[in-house]
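Notes follow once the structure below has been shown.
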Amino acid sequence: MADSKREIERKYEATAGTRLPDLSRVPGVSAVVHRGVTELDAVYHDTEDHRLAADSLTLRRRTGGSDAGWHLKFPVASGIRDELREPLSATLPRSLAGLVRSRVRGAALLPVVRLRSARDVHHLVDDRGEPLAEVAVDEVRAVRLTAGGATATWTEIEVELADDGDPALLDAVERLLREAGIRPSAAASKLARALAETEPGTKPGSMKKAEKPEKAAREEPVPTTAGDHVLAYVRRQTEAIVALDPAVRRDLPDSVHQMRVATRRLRSALRTYRRILDRDATAPLGRELKWLAAELGVDRDQEVLDARLRGRLDELPRTLLLGPVRGRLRIRSTACRAGSRRRTVAVLDGKRYLALLEGLHVLLADPPLLPAASRAPGRALPRALLKEYGRLAERVGHALDLPPGHDRDLALHEARKAAKRTRYAAEAARPALGKPAKRFAKRMKAVQSLLGDHQDSVVAREALRTLAAQAHGAGESAFTWGLLYGREEATAAACERELPGVWERASRPGLRSALGG
């Protein structure tokens, strides 16, 4: 995996010959050390329609300076980006190609802009000579490598915080720069400025008001119809999947879970609002989303199970931990997680996943709207939502009619899936229906959470049975695993006793009328 660095910086407008103010006046800065001028040469790569730039990503191959190589930057917040680096090579490294795959899909990456910069570097250091920040004055010349080869030149100042530095330092530096008449840059990045100033029809030296026309062009209008609301929700979930793909590849915390949730929400919306979006067109996508959620679940379910079993062990006094229980659990966890992670990345690298992303792109570009899509959301959406609620009510009733045991466990799992789908449907309708949908979703979440705890207990008991058998076969005590199995049985029984009351509160009178049912 590529090296990663969190970049916290601010950019400022300047002119040729701009002189920096005395930055040693910044509190905490003992000296300003001049490091000289470095020549940088960077070629930025993107698709022909600038899909990376549309999401504020930059991919470049740069020579010169101390960090020559391939650099991929992801936005985190205003002025904060994660930069991933690979050594210099003739072609794009495979690791970085994977990180942009969900955005470029099958499109080719082309050189789009070349930036040559003369960078005059100064280090702000403390009384021990340790760097606090780097201040660079860049004389930039941009050449567009497509669409006529237009050029642009400008001067800018970058102030980048040192690793683990205090962001308050940037505020102090900015105050001095402003006093010197230096103002923050209107462009989010050099690439954004280069694309804006070299776009055909743009006067040299002028900055367009919209730095990212691709993004602005695809923004949805204010939803007014049922179809508008459903499509806005589908778009948000699709964008979430695309954005979380590189996070999953980087193994960032909770990324697999969040991507799986977005996948399930999207599939739920396509199924629930089939009177808005033609089911014949969305059904194939729904099947592929189900497949993707299942594949992501391999890693996520193992993560949840590991956390649950570790927590159960932590609850026990040491006198009840007989045998190498933590070591056995750790070995099992490492083996399962390593395999599941490799499988997850392989799925994201596969053709089937790429075809799904392309299918979602086509759906949003030309949505298969049905006549009901033109209706007011207050009429069309509650009907679909209450239909999901009715399905949930049937499944909960069926489960409660069964005696405790395997069949009830299966029925409660089906009820859990229905509760999750009903909750997602309510969340999708919330922008249109407001507080009634919010309250509805909250009640459904309570049902889902209880049933989820029950299902987690079912899965945990299966794992504990396996661990007990392995321990016994190795000549170890199986006592602790049996003890935890009994506790999980008690947890499941408590959930089943609690369910009637939770369900009654979730379905109390007024629910249907609040949604217009």
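Within each chain, counting starts at residue 1; across the structure tokens, chains are named A, B, ... in the order shown, with ligands numbered 1 upward in that order.
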
Once DSSP has gone over the backbone, tell me which residues of range 272-329 of chain A are in alpha helix (DSSP H), as an mmCIF file with N, CA and C atoms, in the first residue's frame.
```
data_model
loop_
_atom_site.group_PDB
_atom_site.id
_atom_site.type_symbol
_atom_site.label_atom_id
_atom_site.label_comp_id
_atom_site.auth_asym_id
_atom_site.auth_seq_id
_atom_site.Cartn_x
_atom_site.Cartn_y
_atom_site.Cartn_z
ATOM 1 N N THR A 272 -38.221 -0.665 -2.558
ATOM 2 C CA THR A 272 -39.378 -0.031 -1.917
ATOM 3 C C THR A 272 -40.126 0.879 -2.874
ATOM 4 N N ARG A 279 -39.355 -1.260 -11.987
ATOM 5 C CA ARG A 279 -38.740 -2.436 -11.395
ATOM 6 C C ARG A 279 -38.008 -3.282 -12.434
ATOM 7 N N ASP A 280 -38.506 -3.331 -13.647
ATOM 8 C CA ASP A 280 -37.837 -4.117 -14.689
ATOM 9 C C ASP A 280 -36.420 -3.607 -14.947
ATOM 10 N N ALA A 281 -36.243 -2.301 -14.821
ATOM 11 C CA ALA A 281 -34.925 -1.713 -15.058
ATOM 12 C C ALA A 281 -34.025 -1.796 -13.832
ATOM 13 N N THR A 282 -34.607 -1.719 -12.636
ATOM 14 C CA THR A 282 -33.792 -1.678 -11.424
ATOM 15 C C THR A 282 -33.530 -3.053 -10.817
ATOM 16 N N ALA A 283 -34.335 -4.057 -11.177
ATOM 17 C CA ALA A 283 -34.168 -5.386 -10.569
ATOM 18 C C ALA A 283 -32.766 -5.962 -10.776
ATOM 19 N N PRO A 284 -32.186 -5.890 -11.985
ATOM 20 C CA PRO A 284 -30.824 -6.411 -12.144
ATOM 21 C C PRO A 284 -29.810 -5.697 -11.247
ATOM 22 N N LEU A 285 -29.970 -4.386 -11.090
ATOM 23 C CA LEU A 285 -29.070 -3.650 -10.196
ATOM 24 C C LEU A 285 -29.285 -4.081 -8.749
ATOM 25 N N GLY A 286 -30.541 -4.322 -8.395
ATOM 26 C CA GLY A 286 -30.843 -4.778 -7.044
ATOM 27 C C GLY A 286 -30.170 -6.101 -6.728
ATOM 28 N N ARG A 287 -30.163 -7.010 -7.695
ATOM 29 C CA ARG A 287 -29.501 -8.301 -7.478
ATOM 30 C C ARG A 287 -27.996 -8.120 -7.298
ATOM 31 N N GLU A 288 -27.410 -7.224 -8.074
ATOM 32 C CA GLU A 288 -25.975 -6.985 -7.952
ATOM 33 C C GLU A 288 -25.630 -6.274 -6.645
ATOM 34 N N LEU A 289 -26.504 -5.394 -6.186
ATOM 35 C CA LEU A 289 -26.285 -4.743 -4.897
ATOM 36 C C LEU A 289 -26.386 -5.753 -3.760
ATOM 37 N N LYS A 290 -27.297 -6.707 -3.884
ATOM 38 C CA LYS A 290 -27.406 -7.771 -2.877
ATOM 39 C C LYS A 290 -26.115 -8.578 -2.830
ATOM 40 N N TRP A 291 -25.578 -8.888 -4.009
ATOM 41 C CA TRP A 291 -24.305 -9.611 -4.075
ATOM 42 C C TRP A 291 -23.188 -8.815 -3.423
ATOM 43 N N LEU A 292 -23.092 -7.518 -3.734
ATOM 44 C CA LEU A 292 -22.020 -6.693 -3.180
ATOM 45 C C LEU A 292 -22.130 -6.605 -1.664
ATOM 46 N N ALA A 293 -23.351 -6.406 -1.154
ATOM 47 C CA ALA A 293 -23.540 -6.324 0.296
ATOM 48 C C ALA A 293 -23.109 -7.618 0.974
ATOM 49 N N ALA A 294 -23.415 -8.753 0.337
ATOM 50 C CA ALA A 294 -23.012 -10.047 0.904
ATOM 51 C C ALA A 294 -21.497 -10.183 0.920
ATOM 52 N N GLU A 295 -20.839 -9.751 -0.145
ATOM 53 C CA GLU A 295 -19.381 -9.840 -0.192
ATOM 54 C C GLU A 295 -18.741 -8.930 0.853
ATOM 55 N N LEU A 296 -19.265 -7.728 1.003
ATOM 56 C CA LEU A 296 -18.743 -6.831 2.026
ATOM 57 C C LEU A 296 -19.013 -7.379 3.420
ATOM 58 N N GLY A 297 -20.102 -8.129 3.543
ATOM 59 C CA GLY A 297 -20.469 -8.697 4.831
ATOM 60 C C GLY A 297 -19.493 -9.733 5.342
ATOM 61 N N VAL A 298 -18.758 -10.371 4.434
ATOM 62 C CA VAL A 298 -17.775 -11.375 4.864
ATOM 63 C C VAL A 298 -16.780 -10.749 5.825
ATOM 64 N N ASP A 299 -16.295 -9.579 5.495
ATOM 65 C CA ASP A 299 -15.327 -8.885 6.342
ATOM 66 C C ASP A 299 -16.005 -8.215 7.530
ATOM 67 N N ARG A 300 -17.126 -7.551 7.260
ATOM 68 C CA ARG A 300 -17.806 -6.814 8.329
ATOM 69 C C ARG A 300 -18.356 -7.753 9.402
ATOM 70 N N ASP A 301 -18.969 -8.862 9.006
ATOM 71 C CA ASP A 301 -19.540 -9.781 9.988
ATOM 72 C C ASP A 301 -18.451 -10.369 10.881
ATOM 73 N N GLN A 302 -17.291 -10.632 10.292
ATOM 74 C CA GLN A 302 -16.181 -11.149 11.091
ATOM 75 C C GLN A 302 -15.702 -10.102 12.082
ATOM 76 N N GLU A 303 -15.681 -8.833 11.643
ATOM 77 C CA GLU A 303 -15.277 -7.734 12.528
ATOM 78 C C GLU A 303 -16.218 -7.619 13.720
ATOM 79 N N VAL A 304 -17.523 -7.696 13.458
ATOM 80 C CA VAL A 304 -18.522 -7.596 14.526
ATOM 81 C C VAL A 304 -18.404 -8.772 15.482
ATOM 82 N N LEU A 305 -18.239 -9.973 14.915
ATOM 83 C CA LEU A 305 -18.133 -11.168 15.757
ATOM 84 C C LEU A 305 -16.892 -11.106 16.642
ATOM 85 N N ASP A 306 -15.765 -10.685 16.084
ATOM 86 C CA ASP A 306 -14.534 -10.574 16.870
ATOM 87 C C ASP A 306 -14.728 -9.629 18.059
ATOM 88 N N ALA A 307 -15.321 -8.472 17.776
ATOM 89 C CA ALA A 307 -15.529 -7.482 18.835
ATOM 90 C C ALA A 307 -16.459 -8.027 19.918
ATOM 91 N N ARG A 308 -17.474 -8.760 19.509
ATOM 92 C CA ARG A 308 -18.434 -9.306 20.488
ATOM 93 C C ARG A 308 -17.768 -10.348 21.384
ATOM 94 N N LEU A 309 -17.013 -11.263 20.781
ATOM 95 C CA LEU A 309 -16.388 -12.312 21.576
ATOM 96 C C LEU A 309 -15.298 -11.754 22.487
ATOM 97 N N ARG A 310 -14.540 -10.760 21.994
ATOM 98 C CA ARG A 310 -13.534 -10.129 22.867
ATOM 99 C C ARG A 310 -14.215 -9.440 24.046
ATOM 100 N N GLY A 311 -15.325 -8.779 23.755
ATOM 101 C CA GLY A 311 -16.057 -8.124 24.832
ATOM 102 C C GLY A 311 -16.573 -9.109 25.866
ATOM 103 N N ARG A 312 -17.044 -10.256 25.398
ATOM 104 C CA ARG A 312 -17.540 -11.280 26.322
ATOM 105 C C ARG A 312 -16.410 -11.794 27.222
ATOM 106 N N LEU A 313 -15.235 -12.013 26.639
ATOM 107 C CA LEU A 313 -14.095 -12.457 27.449
ATOM 108 C C LEU A 313 -13.699 -11.401 28.470
ATOM 109 N N ASP A 314 -13.761 -10.135 28.064
ATOM 110 C CA ASP A 314 -13.385 -9.052 28.980
ATOM 111 C C ASP A 314 -14.327 -8.971 30.182
ATOM 112 N N GLU A 315 -15.557 -9.447 30.024
ATOM 113 C CA GLU A 315 -16.537 -9.396 31.113
ATOM 114 C C GLU A 315 -16.278 -10.444 32.191
ATOM 115 N N VAL A 325 -7.493 -19.016 26.025
ATOM 116 C CA VAL A 325 -8.685 -18.600 25.286
ATOM 117 C C VAL A 325 -8.426 -17.354 24.434
ATOM 118 N N ARG A 326 -7.716 -16.391 24.979
ATOM 119 C CA ARG A 326 -7.461 -15.171 24.195
ATOM 120 C C ARG A 326 -6.560 -15.468 22.997
ATOM 121 N N GLY A 327 -5.572 -16.309 23.202
ATOM 122 C CA GLY A 327 -4.690 -16.669 22.096
ATOM 123 C C GLY A 327 -5.432 -17.426 21.001
ATOM 124 N N ARG A 328 -6.306 -18.345 21.406
ATOM 125 C CA ARG A 328 -7.078 -19.093 20.399
ATOM 126 C C ARG A 328 -8.016 -18.162 19.631
ATOM 127 N N LEU A 329 -8.642 -17.228 20.329
ATOM 128 C CA LEU A 329 -9.537 -16.285 19.656
ATOM 129 C C LEU A 329 -8.750 -15.376 18.716
#
```

Problem - Contacts of Pro75 in chain A within 7 Å, only C-alpha atoms, excl. fewer than 3 positions in-chain, as a PyMOL selection string - result: chain A and resi 56-57+80-82

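Between Arg10 in chain A and the residues A:Lys73, A:Arg61, A:Lys190, A:His34, the shortest atom-to-atom distance, using only C-alpha atoms, involves A:Lys190.
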
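Nearest residue to Arg330 in chain A, choosing from A:Val173, A:Ala372, A:Leu467, A:Ala380 and counting only C-alpha atoms: A:Leu467.
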
Practice task
Show which residues sit within 12 Å of Arg25 in chain A, as number ranges by chain. Count only C-alpha atoms, and ignore same-chain residues fewer than 5 positions away.
Solution key: A: 20, 30-32, 124-126, 169, 172-177

Practice task
Within 12 Å of Lys5 in chain A, counting only C-alpha atoms, which residues show up once you throw out same-chain ones fewer than 6 positions away? Write them as a PyMOL selection string, please.
Solution key: chain A and resi 67+71-74+76+80-86+161-164

Saved selection, atoms kept: all heavy atoms, as a short mmCIF file (atom, residue, chain, number, x, y, z; two decimals), in the first residue's frame:
```cif
data_model
loop_
_atom_site.label_atom_id
_atom_site.label_comp_id
_atom_site.auth_asym_id
_atom_site.auth_seq_id
_atom_site.Cartn_x
_atom_site.Cartn_y
_atom_site.Cartn_z
N ASP A 67 10.20 14.76 -2.76
CA ASP A 67 9.15 13.73 -2.77
C ASP A 67 8.71 13.40 -4.19
O ASP A 67 7.52 13.19 -4.46
CB ASP A 67 7.95 14.18 -1.94
CG ASP A 67 7.29 15.44 -2.48
OD1 ASP A 67 7.92 16.10 -3.33
OD2 ASP A 67 6.17 15.76 -2.05
N HIS A 71 1.58 11.00 -6.80
CA HIS A 71 0.85 11.51 -5.64
C HIS A 71 -0.65 11.51 -5.95
O HIS A 71 -1.07 12.02 -6.99
CB HIS A 71 1.27 12.94 -5.29
CG HIS A 71 2.73 13.10 -5.09
ND1 HIS A 71 3.37 14.32 -5.22
CD2 HIS A 71 3.72 12.21 -4.76
CE1 HIS A 71 4.67 14.17 -4.99
NE2 HIS A 71 4.89 12.90 -4.71
N LEU A 72 -1.43 10.95 -5.04
CA LEU A 72 -2.89 10.98 -5.15
C LEU A 72 -3.43 11.64 -3.89
O LEU A 72 -3.11 11.21 -2.77
CB LEU A 72 -3.45 9.56 -5.28
CG LEU A 72 -4.97 9.40 -5.25
CD1 LEU A 72 -5.63 10.16 -6.40
CD2 LEU A 72 -5.36 7.93 -5.28
N LYS A 73 -4.25 12.69 -4.07
CA LYS A 73 -4.77 13.44 -2.92
C LYS A 73 -6.28 13.33 -2.84
O LYS A 73 -6.99 13.55 -3.83
CB LYS A 73 -4.35 14.91 -3.00
CG LYS A 73 -2.84 15.13 -2.96
CD LYS A 73 -2.48 16.59 -2.85
CE LYS A 73 -0.97 16.79 -2.82
NZ LYS A 73 -0.61 18.21 -2.59
N PHE A 74 -6.75 13.00 -1.62
CA PHE A 74 -8.17 12.92 -1.32
C PHE A 74 -8.57 14.06 -0.38
O PHE A 74 -7.89 14.29 0.63
CB PHE A 74 -8.52 11.60 -0.62
CG PHE A 74 -8.47 10.39 -1.51
CD1 PHE A 74 -7.31 9.64 -1.60
CD2 PHE A 74 -9.58 9.99 -2.23
CE1 PHE A 74 -7.24 8.52 -2.41
CE2 PHE A 74 -9.54 8.88 -3.03
CZ PHE A 74 -8.37 8.14 -3.13
N VAL A 76 -10.31 15.83 2.67
CA VAL A 76 -10.83 15.41 3.98
C VAL A 76 -11.75 16.49 4.54
O VAL A 76 -12.85 16.21 4.99
CB VAL A 76 -9.67 15.13 4.96
CG1 VAL A 76 -10.21 14.79 6.35
CG2 VAL A 76 -8.78 14.01 4.44
N ILE A 80 -7.59 20.44 4.18
CA ILE A 80 -7.01 19.20 4.68
C ILE A 80 -7.19 18.11 3.63
O ILE A 80 -8.30 17.88 3.15
CB ILE A 80 -7.66 18.75 6.01
CG1 ILE A 80 -7.56 19.85 7.06
CG2 ILE A 80 -7.01 17.46 6.52
CD1 ILE A 80 -8.27 19.52 8.35
N ARG A 81 -6.09 17.45 3.28
CA ARG A 81 -6.15 16.36 2.31
C ARG A 81 -5.24 15.22 2.76
O ARG A 81 -4.23 15.45 3.43
CB ARG A 81 -5.72 16.85 0.92
CG ARG A 81 -6.66 17.87 0.33
CD ARG A 81 -6.31 18.21 -1.11
NE ARG A 81 -5.05 18.93 -1.23
CZ ARG A 81 -4.56 19.37 -2.39
NH1 ARG A 81 -5.21 19.14 -3.52
NH2 ARG A 81 -3.42 20.04 -2.42
N ASP A 82 -5.61 14.02 2.37
CA ASP A 82 -4.74 12.86 2.56
C ASP A 82 -3.99 12.64 1.26
O ASP A 82 -4.61 12.50 0.19
CB ASP A 82 -5.55 11.62 2.91
CG ASP A 82 -5.93 11.56 4.38
OD1 ASP A 82 -5.32 12.30 5.17
OD2 ASP A 82 -6.84 10.79 4.73
N GLU A 83 -2.67 12.61 1.34
CA GLU A 83 -1.84 12.39 0.16
C GLU A 83 -1.22 11.00 0.24
O GLU A 83 -0.57 10.65 1.22
CB GLU A 83 -0.73 13.44 0.08
CG GLU A 83 0.18 13.27 -1.13
CD GLU A 83 1.23 14.36 -1.23
OE1 GLU A 83 0.89 15.44 -1.72
OE2 GLU A 83 2.38 14.11 -0.80
N LEU A 84 -1.42 10.22 -0.82
CA LEU A 84 -0.83 8.89 -0.92
C LEU A 84 0.26 8.92 -1.97
O LEU A 84 0.06 9.47 -3.06
CB LEU A 84 -1.90 7.85 -1.26
CG LEU A 84 -2.85 7.57 -0.09
CD1 LEU A 84 -4.11 8.43 -0.24
CD2 LEU A 84 -3.22 6.11 -0.02
N ARG A 85 1.42 8.35 -1.65
CA ARG A 85 2.59 8.48 -2.51
C ARG A 85 3.13 7.10 -2.90
O ARG A 85 3.14 6.17 -2.11
CB ARG A 85 3.69 9.25 -1.79
CG ARG A 85 3.31 10.64 -1.36
CD ARG A 85 4.40 11.25 -0.49
NE ARG A 85 4.10 12.63 -0.11
CZ ARG A 85 4.84 13.35 0.73
NH1 ARG A 85 5.92 12.82 1.27
NH2 ARG A 85 4.50 14.60 1.02
N GLU A 86 3.57 7.04 -4.14
CA GLU A 86 4.30 5.87 -4.64
C GLU A 86 5.56 6.37 -5.34
O GLU A 86 5.59 7.49 -5.86
CB GLU A 86 3.45 5.07 -5.62
CG GLU A 86 2.33 4.27 -4.97
CD GLU A 86 2.83 2.98 -4.31
OE1 GLU A 86 4.06 2.84 -4.11
OE2 GLU A 86 1.99 2.13 -3.98
N LEU A 161 1.35 22.95 7.37
CA LEU A 161 1.67 22.64 8.76
C LEU A 161 2.57 21.41 8.83
O LEU A 161 2.39 20.45 8.08
CB LEU A 161 0.37 22.38 9.53
CG LEU A 161 0.42 22.36 11.06
CD1 LEU A 161 0.77 23.76 11.58
CD2 LEU A 161 -0.94 21.92 11.62
N ALA A 162 3.55 21.44 9.72
CA ALA A 162 4.41 20.28 9.92
C ALA A 162 3.61 19.15 10.56
O ALA A 162 2.53 19.37 11.14
CB ALA A 162 5.60 20.65 10.81
N ASP A 163 4.10 17.93 10.44
CA ASP A 163 3.42 16.78 11.03
C ASP A 163 3.19 17.01 12.52
O ASP A 163 4.08 17.45 13.25
CB ASP A 163 4.26 15.51 10.84
CG ASP A 163 4.37 15.11 9.38
OD1 ASP A 163 3.56 15.61 8.56
OD2 ASP A 163 5.26 14.30 9.05
N ASP A 164 1.94 16.70 12.95
CA ASP A 164 1.55 16.85 14.36
C ASP A 164 1.61 18.30 14.84
O ASP A 164 1.68 18.56 16.06
CB ASP A 164 2.42 15.98 15.28
CG ASP A 164 2.35 14.50 14.90
OD1 ASP A 164 1.25 14.03 14.59
OD2 ASP A 164 3.40 13.84 14.92
#
```

Exercise for the section: Assign secondary structure with DSSP using the backbone only, and return the residues of range 146-395 of chain A in strand (DSSP E) as an NGL selection string. Expected result: :A and (151-161)

With N, CA, C and O atoms retained, write the just-selected residues as a CSV table (one decimal), in the first residue's frame.
```
chain,number,residue,atom,x,y,z
A,151,THR,N,-2.4,28.1,-21.9
A,151,THR,CA,-1.4,28.2,-20.8
A,151,THR,C,-1.9,29.3,-19.8
A,151,THR,O,-2.8,30.1,-20.2
A,152,ALA,N,-1.4,29.2,-18.7
A,152,ALA,CA,-1.7,30.2,-17.6
A,152,ALA,C,-0.5,30.3,-16.7
A,152,ALA,O,0.2,29.3,-16.5
A,153,THR,N,-0.3,31.5,-16.1
A,153,THR,CA,0.8,31.7,-15.1
A,153,THR,C,0.2,32.4,-13.9
A,153,THR,O,-0.7,33.3,-14.1
A,154,TRP,N,0.7,32.1,-12.8
A,154,TRP,CA,0.3,32.9,-11.6
A,154,TRP,C,1.4,32.6,-10.5
A,154,TRP,O,2.2,31.7,-10.6
A,155,THR,N,1.2,33.4,-9.4
A,155,THR,CA,2.1,33.2,-8.2
A,155,THR,C,1.2,32.9,-7.0
A,155,THR,O,0.2,33.6,-6.9
A,156,GLU,N,1.5,32.0,-6.2
A,156,GLU,CA,0.8,31.7,-5.0
A,156,GLU,C,1.7,31.3,-3.9
A,156,GLU,O,2.8,31.0,-4.1
A,157,ILE,N,1.1,31.4,-2.7
A,157,ILE,CA,1.8,31.1,-1.5
A,157,ILE,C,1.1,29.9,-0.8
A,157,ILE,O,-0.1,29.9,-0.6
A,158,GLU,N,1.9,28.9,-0.4
A,158,GLU,CA,1.4,27.8,0.3
A,158,GLU,C,2.0,27.8,1.7
A,158,GLU,O,3.2,27.9,1.9
A,159,VAL,N,1.1,27.6,2.7
A,159,VAL,CA,1.6,27.4,4.1
A,159,VAL,C,1.2,26.0,4.6
A,159,VAL,O,0.0,25.8,4.7
A,160,GLU,N,2.1,25.1,4.8
A,160,GLU,CA,1.7,23.7,5.1
A,160,GLU,C,2.2,23.5,6.6
A,160,GLU,O,3.4,23.7,6.9
A,161,LEU,N,1.3,23.0,7.4
A,161,LEU,CA,1.7,22.6,8.8
A,161,LEU,C,2.6,21.4,8.8
A,161,LEU,O,2.4,20.5,8.1
```

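Rounded to one decimal, CA of Asp407 in chain A and CA of Gln448 in chain A lie 18.7 Å from each other.
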
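Distance check against Ser95 in chain A using only C-alpha atoms: of A:Arg343, A:Arg193, A:Arg249, A:Arg352, the minimum falls on A:Arg249.
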
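Nearest to Ser457 in chain A of all the residues A:Leu109, A:Ala54, A:Val230, A:Leu412 is A:Leu412, counting only C-alpha atoms.
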
Completion exercise
Separating CA of Gly28 in chain A from CA of His123 in chain A, to the nearest tenth of an Å, is a gap of 13.0 Å

For the interface of range 262-353 of chain A with range 360-369 of chain A (cut-off 7 Å, counting only C-alpha atoms), please tabulate each contacting residue of range 262-353 of chain A alongside its nearest pair of atoms and their separation in Å to one decimal, rows sorted by chain and increasing number, as JSON lines.
```
{"residue": "A:Ile276", "atom": "CA", "partner": "A:Leu369", "partner_atom": "CA", "distance": 5.8}
{"residue": "A:Leu277", "atom": "CA", "partner": "A:Leu369", "partner_atom": "CA", "distance": 4.8}
{"residue": "A:Asp278", "atom": "CA", "partner": "A:Pro368", "partner_atom": "CA", "distance": 5.5}
{"residue": "A:Ala281", "atom": "CA", "partner": "A:Pro368", "partner_atom": "CA", "distance": 6.8}
```
